[in-house]
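Undergrad: Handing you this structure, nothing more for now.
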Amino acid sequence: MGPLCLPALPIVFFLVSLPAAYGQDNYEIQVYGSEMGPPGSTMMELHSNFTVLGSTTVKDGVNPTQHSMHETLEVTHGFTDWFETGFYVFSSIQPDGGWQWVGDHIRPRLTVPESWHWPVGLSLAQEFGYQQRSFSEDTWTWEIRPIIDKKAGRWYMSFNPTFDRALHGDGVKNGFEFSPNAKVSFDFTKKIAGGLEYYGSLGPVNGFNSWSHQHHQFFPTIDLDVSPKWELNFGVGYDASSSNDRLIVKFILGRRFRWGGDRESGEPATKKTSTSKP
């Protein structure tokens, strides 16, 4: 059996059998890259998203978002150089309602190993989970997220043509919806990169919504590569459409734990050559 066949069999099984997750509004604002951490490593990330300008009243049974802080804990473990699984805990701090649990998601992901030396990074994530009705019209959701990225000199580009659907809730009738994400960044130094992230929600794949019912968020961002053990991302986003959530500030803080590598330096036993991160 050739080198392509070994990961290819679980990839086929993964595509046809496993559900994934619908885009989580303002709980997880991130454009994914195809690269994975070393096998046996665990990444813990805290996503902190504050809605400066958002909805101010309860709408269709969903809590208002203005001046709410969404905190998401993401724990991702790498099992091989082509498979990892992430788990999310969503929570929300309401201006007058305290800190509340929102829901949980699981996200298995496959990627083409770097050892194959493909001209672009290629990965496939799926995400499946639940969130309370008071925070979403759809309680059970599924997302399929292909990931295509490329590092070219000091430039980095990533495209996530995401398809999501509601499994239980008001959005079931819409079927699959198209929610593309993209990122372009430039390395100003070895440790600092500036970029622009885009998050869209266009509506059902069989007929997009009108502009007034679409979402087009743009986030100028800064990425800091201070250490192999740490990841930091900061951005301020504005929705160019008539979305309720017009202005959002986001911050991602990640810490990698590498079991079996050099725990003092944070380096893996065999360091990979990055092809997908700024």
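The chains in the structure tokens are called A, B, ... from first to last as shown; in each chain the residues are counted from 1, and the ligands are counted from 1 in the order shown.
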For the contact check between stretch 108-157 of chain A and stretch 58-74 of chain A, emit one row per residue of stretch 108-157 of chain A within 8 Å, containing the shortest atom pair and the distance in Å rounded to one decimal, counting only C-alpha atoms, chain then rising number order, as CSV.
TA:
residue,atom,partner,partner_atom,distance
A:Arg133,CA,A:Val62,CA,7.0
A:Ser134,CA,A:Val62,CA,4.6
A:Phe135,CA,A:Val62,CA,5.0
A:Ser136,CA,A:Val62,CA,5.8
A:Glu137,CA,A:Val62,CA,6.7
Undergrad: Could the residues in this selection be written to a file with C-alpha atoms, as a CSV table (one decimal), in the first residue's frame?
TA:
chain,number,residue,atom,x,y,z
A,133,ARG,CA,-31.7,28.1,23.0
A,134,SER,CA,-31.3,31.4,24.8
A,135,PHE,CA,-28.1,32.0,22.9
A,136,SER,CA,-28.9,30.6,19.5
A,137,GLU,CA,-32.0,29.9,17.4
Undergrad: So which bits of stretch 153-267 of chain A end up strand (DSSP E) when you DSSP the backbone, as a ChimeraX atom specification?
TA: /A:155-169,177-187,192-201,203-204,215-227,230-239,247-258
Undergrad: Once you have the residues from the selection above, write them out as a PDB file, in the first residue's frame, restricted to C-alpha atoms.
TA:
ATOM      1  CA  TRP A 155       3.052  36.568   2.870  1.00  0.00           C
ATOM      2  CA  TYR A 156       0.511  34.095   4.215  1.00  0.00           C
ATOM      3  CA  MET A 157      -2.933  33.322   2.771  1.00  0.00           C
ATOM      4  CA  SER A 158      -5.696  31.025   4.039  1.00  0.00           C
ATOM      5  CA  PHE A 159      -9.167  30.296   2.683  1.00  0.00           C
ATOM      6  CA  ASN A 160     -11.872  28.384   4.600  1.00  0.00           C
ATOM      7  CA  PRO A 161     -14.915  27.833   2.318  1.00  0.00           C
ATOM      8  CA  THR A 162     -17.171  26.718   5.160  1.00  0.00           C
ATOM      9  CA  PHE A 163     -20.544  24.969   4.849  1.00  0.00           C
ATOM     10  CA  ASP A 164     -22.768  24.802   7.911  1.00  0.00           C
ATOM     11  CA  ARG A 165     -26.279  23.762   8.772  1.00  0.00           C
ATOM     12  CA  ALA A 166     -28.684  23.580  11.691  1.00  0.00           C
ATOM     13  CA  LEU A 167     -29.670  20.103  12.860  1.00  0.00           C
ATOM     14  CA  HIS A 168     -32.261  21.308  15.377  1.00  0.00           C
ATOM     15  CA  GLY A 169     -33.838  24.755  15.443  1.00  0.00           C
ATOM     16  CA  GLU A 177     -25.393  27.596   4.227  1.00  0.00           C
ATOM     17  CA  PHE A 178     -22.167  29.075   2.846  1.00  0.00           C
ATOM     18  CA  SER A 179     -19.955  30.931   5.344  1.00  0.00           C
ATOM     19  CA  PRO A 180     -16.552  31.647   3.758  1.00  0.00           C
ATOM     20  CA  ASN A 181     -13.601  32.826   5.876  1.00  0.00           C
ATOM     21  CA  ALA A 182     -10.261  34.126   4.595  1.00  0.00           C
ATOM     22  CA  LYS A 183      -7.029  35.657   5.847  1.00  0.00           C
ATOM     23  CA  VAL A 184      -4.067  37.490   4.326  1.00  0.00           C
ATOM     24  CA  SER A 185      -1.096  38.524   6.467  1.00  0.00           C
ATOM     25  CA  PHE A 186       2.424  39.863   6.069  1.00  0.00           C
ATOM     26  CA  ASP A 187       5.449  39.242   8.316  1.00  0.00           C
ATOM     27  CA  ILE A 192       5.063  40.288  14.296  1.00  0.00           C
ATOM     28  CA  ALA A 193       2.611  39.839  11.418  1.00  0.00           C
ATOM     29  CA  GLY A 194      -0.214  42.124  10.389  1.00  0.00           C
ATOM     30  CA  GLY A 195      -3.178  40.939   8.403  1.00  0.00           C
ATOM     31  CA  LEU A 196      -6.822  41.159   7.413  1.00  0.00           C
ATOM     32  CA  GLU A 197      -9.376  38.475   8.263  1.00  0.00           C
ATOM     33  CA  TYR A 198     -12.795  38.105   6.626  1.00  0.00           C
ATOM     34  CA  TYR A 199     -15.845  36.259   7.973  1.00  0.00           C
ATOM     35  CA  GLY A 200     -18.907  35.936   5.769  1.00  0.00           C
ATOM     36  CA  SER A 201     -22.343  34.352   6.018  1.00  0.00           C
ATOM     37  CA  GLY A 203     -27.104  32.165   3.290  1.00  0.00           C
ATOM     38  CA  PRO A 204     -28.373  28.867   1.816  1.00  0.00           C
ATOM     39  CA  HIS A 215     -22.884  39.117   7.175  1.00  0.00           C
ATOM     40  CA  HIS A 216     -19.504  40.475   6.025  1.00  0.00           C
ATOM     41  CA  GLN A 217     -17.079  41.041   8.895  1.00  0.00           C
ATOM     42  CA  PHE A 218     -13.556  42.429   8.374  1.00  0.00           C
ATOM     43  CA  PHE A 219     -10.913  42.178  11.106  1.00  0.00           C
ATOM     44  CA  PRO A 220      -7.541  43.949  10.824  1.00  0.00           C
ATOM     45  CA  THR A 221      -5.348  41.723  13.009  1.00  0.00           C
ATOM     46  CA  ILE A 222      -1.946  41.394  14.644  1.00  0.00           C
ATOM     47  CA  ASP A 223      -0.279  37.991  15.206  1.00  0.00           C
ATOM     48  CA  LEU A 224       2.602  37.696  17.667  1.00  0.00           C
ATOM     49  CA  ASP A 225       4.996  34.736  17.396  1.00  0.00           C
ATOM     50  CA  VAL A 226       6.808  35.241  20.688  1.00  0.00           C
ATOM     51  CA  SER A 227       7.632  31.561  21.297  1.00  0.00           C
ATOM     52  CA  TRP A 230       2.605  30.587  22.651  1.00  0.00           C
ATOM     53  CA  GLU A 231       0.165  31.985  20.069  1.00  0.00           C
ATOM     54  CA  LEU A 232      -1.416  35.436  20.255  1.00  0.00           C
ATOM     55  CA  ASN A 233      -3.923  37.031  17.877  1.00  0.00           C
ATOM     56  CA  PHE A 234      -5.686  40.385  18.297  1.00  0.00           C
ATOM     57  CA  GLY A 235      -8.208  42.068  16.033  1.00  0.00           C
ATOM     58  CA  VAL A 236     -11.011  44.615  15.813  1.00  0.00           C
ATOM     59  CA  GLY A 237     -13.832  43.719  13.447  1.00  0.00           C
ATOM     60  CA  TYR A 238     -16.566  45.661  11.685  1.00  0.00           C
ATOM     61  CA  ASP A 239     -19.569  44.207   9.848  1.00  0.00           C
ATOM     62  CA  LEU A 247     -18.216  46.106  16.126  1.00  0.00           C
ATOM     63  CA  ILE A 248     -16.302  43.322  17.893  1.00  0.00           C
ATOM     64  CA  VAL A 249     -12.915  43.148  19.615  1.00  0.00           C
ATOM     65  CA  LYS A 250     -11.280  39.698  19.685  1.00  0.00           C
ATOM     66  CA  PHE A 251      -8.220  38.216  21.357  1.00  0.00           C
ATOM     67  CA  ILE A 252      -6.856  34.655  21.158  1.00  0.00           C
ATOM     68  CA  LEU A 253      -4.255  33.439  23.651  1.00  0.00           C
ATOM     69  CA  GLY A 254      -2.846  29.945  23.075  1.00  0.00           C
ATOM     70  CA  ARG A 255      -0.364  27.793  24.993  1.00  0.00           C
ATOM     71  CA  ARG A 256       1.080  24.588  23.534  1.00  0.00           C
ATOM     72  CA  PHE A 257       2.134  21.636  25.679  1.00  0.00           C
ATOM     73  CA  ARG A 258       4.346  19.121  23.896  1.00  0.00           C
TER      74      ARG A 258
END
Undergrad: Looking at only C-alpha atoms, which of A:Val52, A:Ile144, A:Ala152, A:Val112 is the one that sits closest to A:Thr80?
TA: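 Answer, going by the shortest atom-to-atom distance: A:Val112.
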Undergrad: Measuring between only C-alpha atoms, which one of A:Ile29, A:Val75, A:Val172, A:Ala125 shows the shortest distance to A:Met43?
TA: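 Ranking A:Ile29, A:Val75, A:Val172, A:Ala125 by distance to A:Met43, first place goes to A:Val75.
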Undergrad: What's the separation between atom CA of A:Trp142 and atom CA of A:Arg107, in Å to one decimal place?
TA: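 Taking atom CA of A:Trp142 as the start and atom CA of A:Arg107 as the end point, the length is 10.0 Å.
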Undergrad: Out of A:Gly86, A:Gly207, A:Gly171, A:Pro95, which residue has the shortest atom-to-atom distance to A:Gly129 when counting only C-alpha atoms?
TA: A:Gly86
Undergrad: Please run DSSP on the backbone and report, as a count of residues only, all residues within stretch 105-195 of chain A that come out as helix (DSSP H, G or I).
TA: 8
Undergrad: Quick one: residues within 8 Å of A:Trp82, only C-alpha atoms counted, chain neighbours fewer than 6 positions away excluded, as a list in words?
TA: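 In the requested format, the answer is Pro7, Met36, Leu110, Thr111, Val112 and Pro113 of chain A.
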Undergrad: Provide the atom CA of A:Gln94 to atom CA of A:Tyr32 distance in Å, to one decimal place.
TA: 27.6 Å
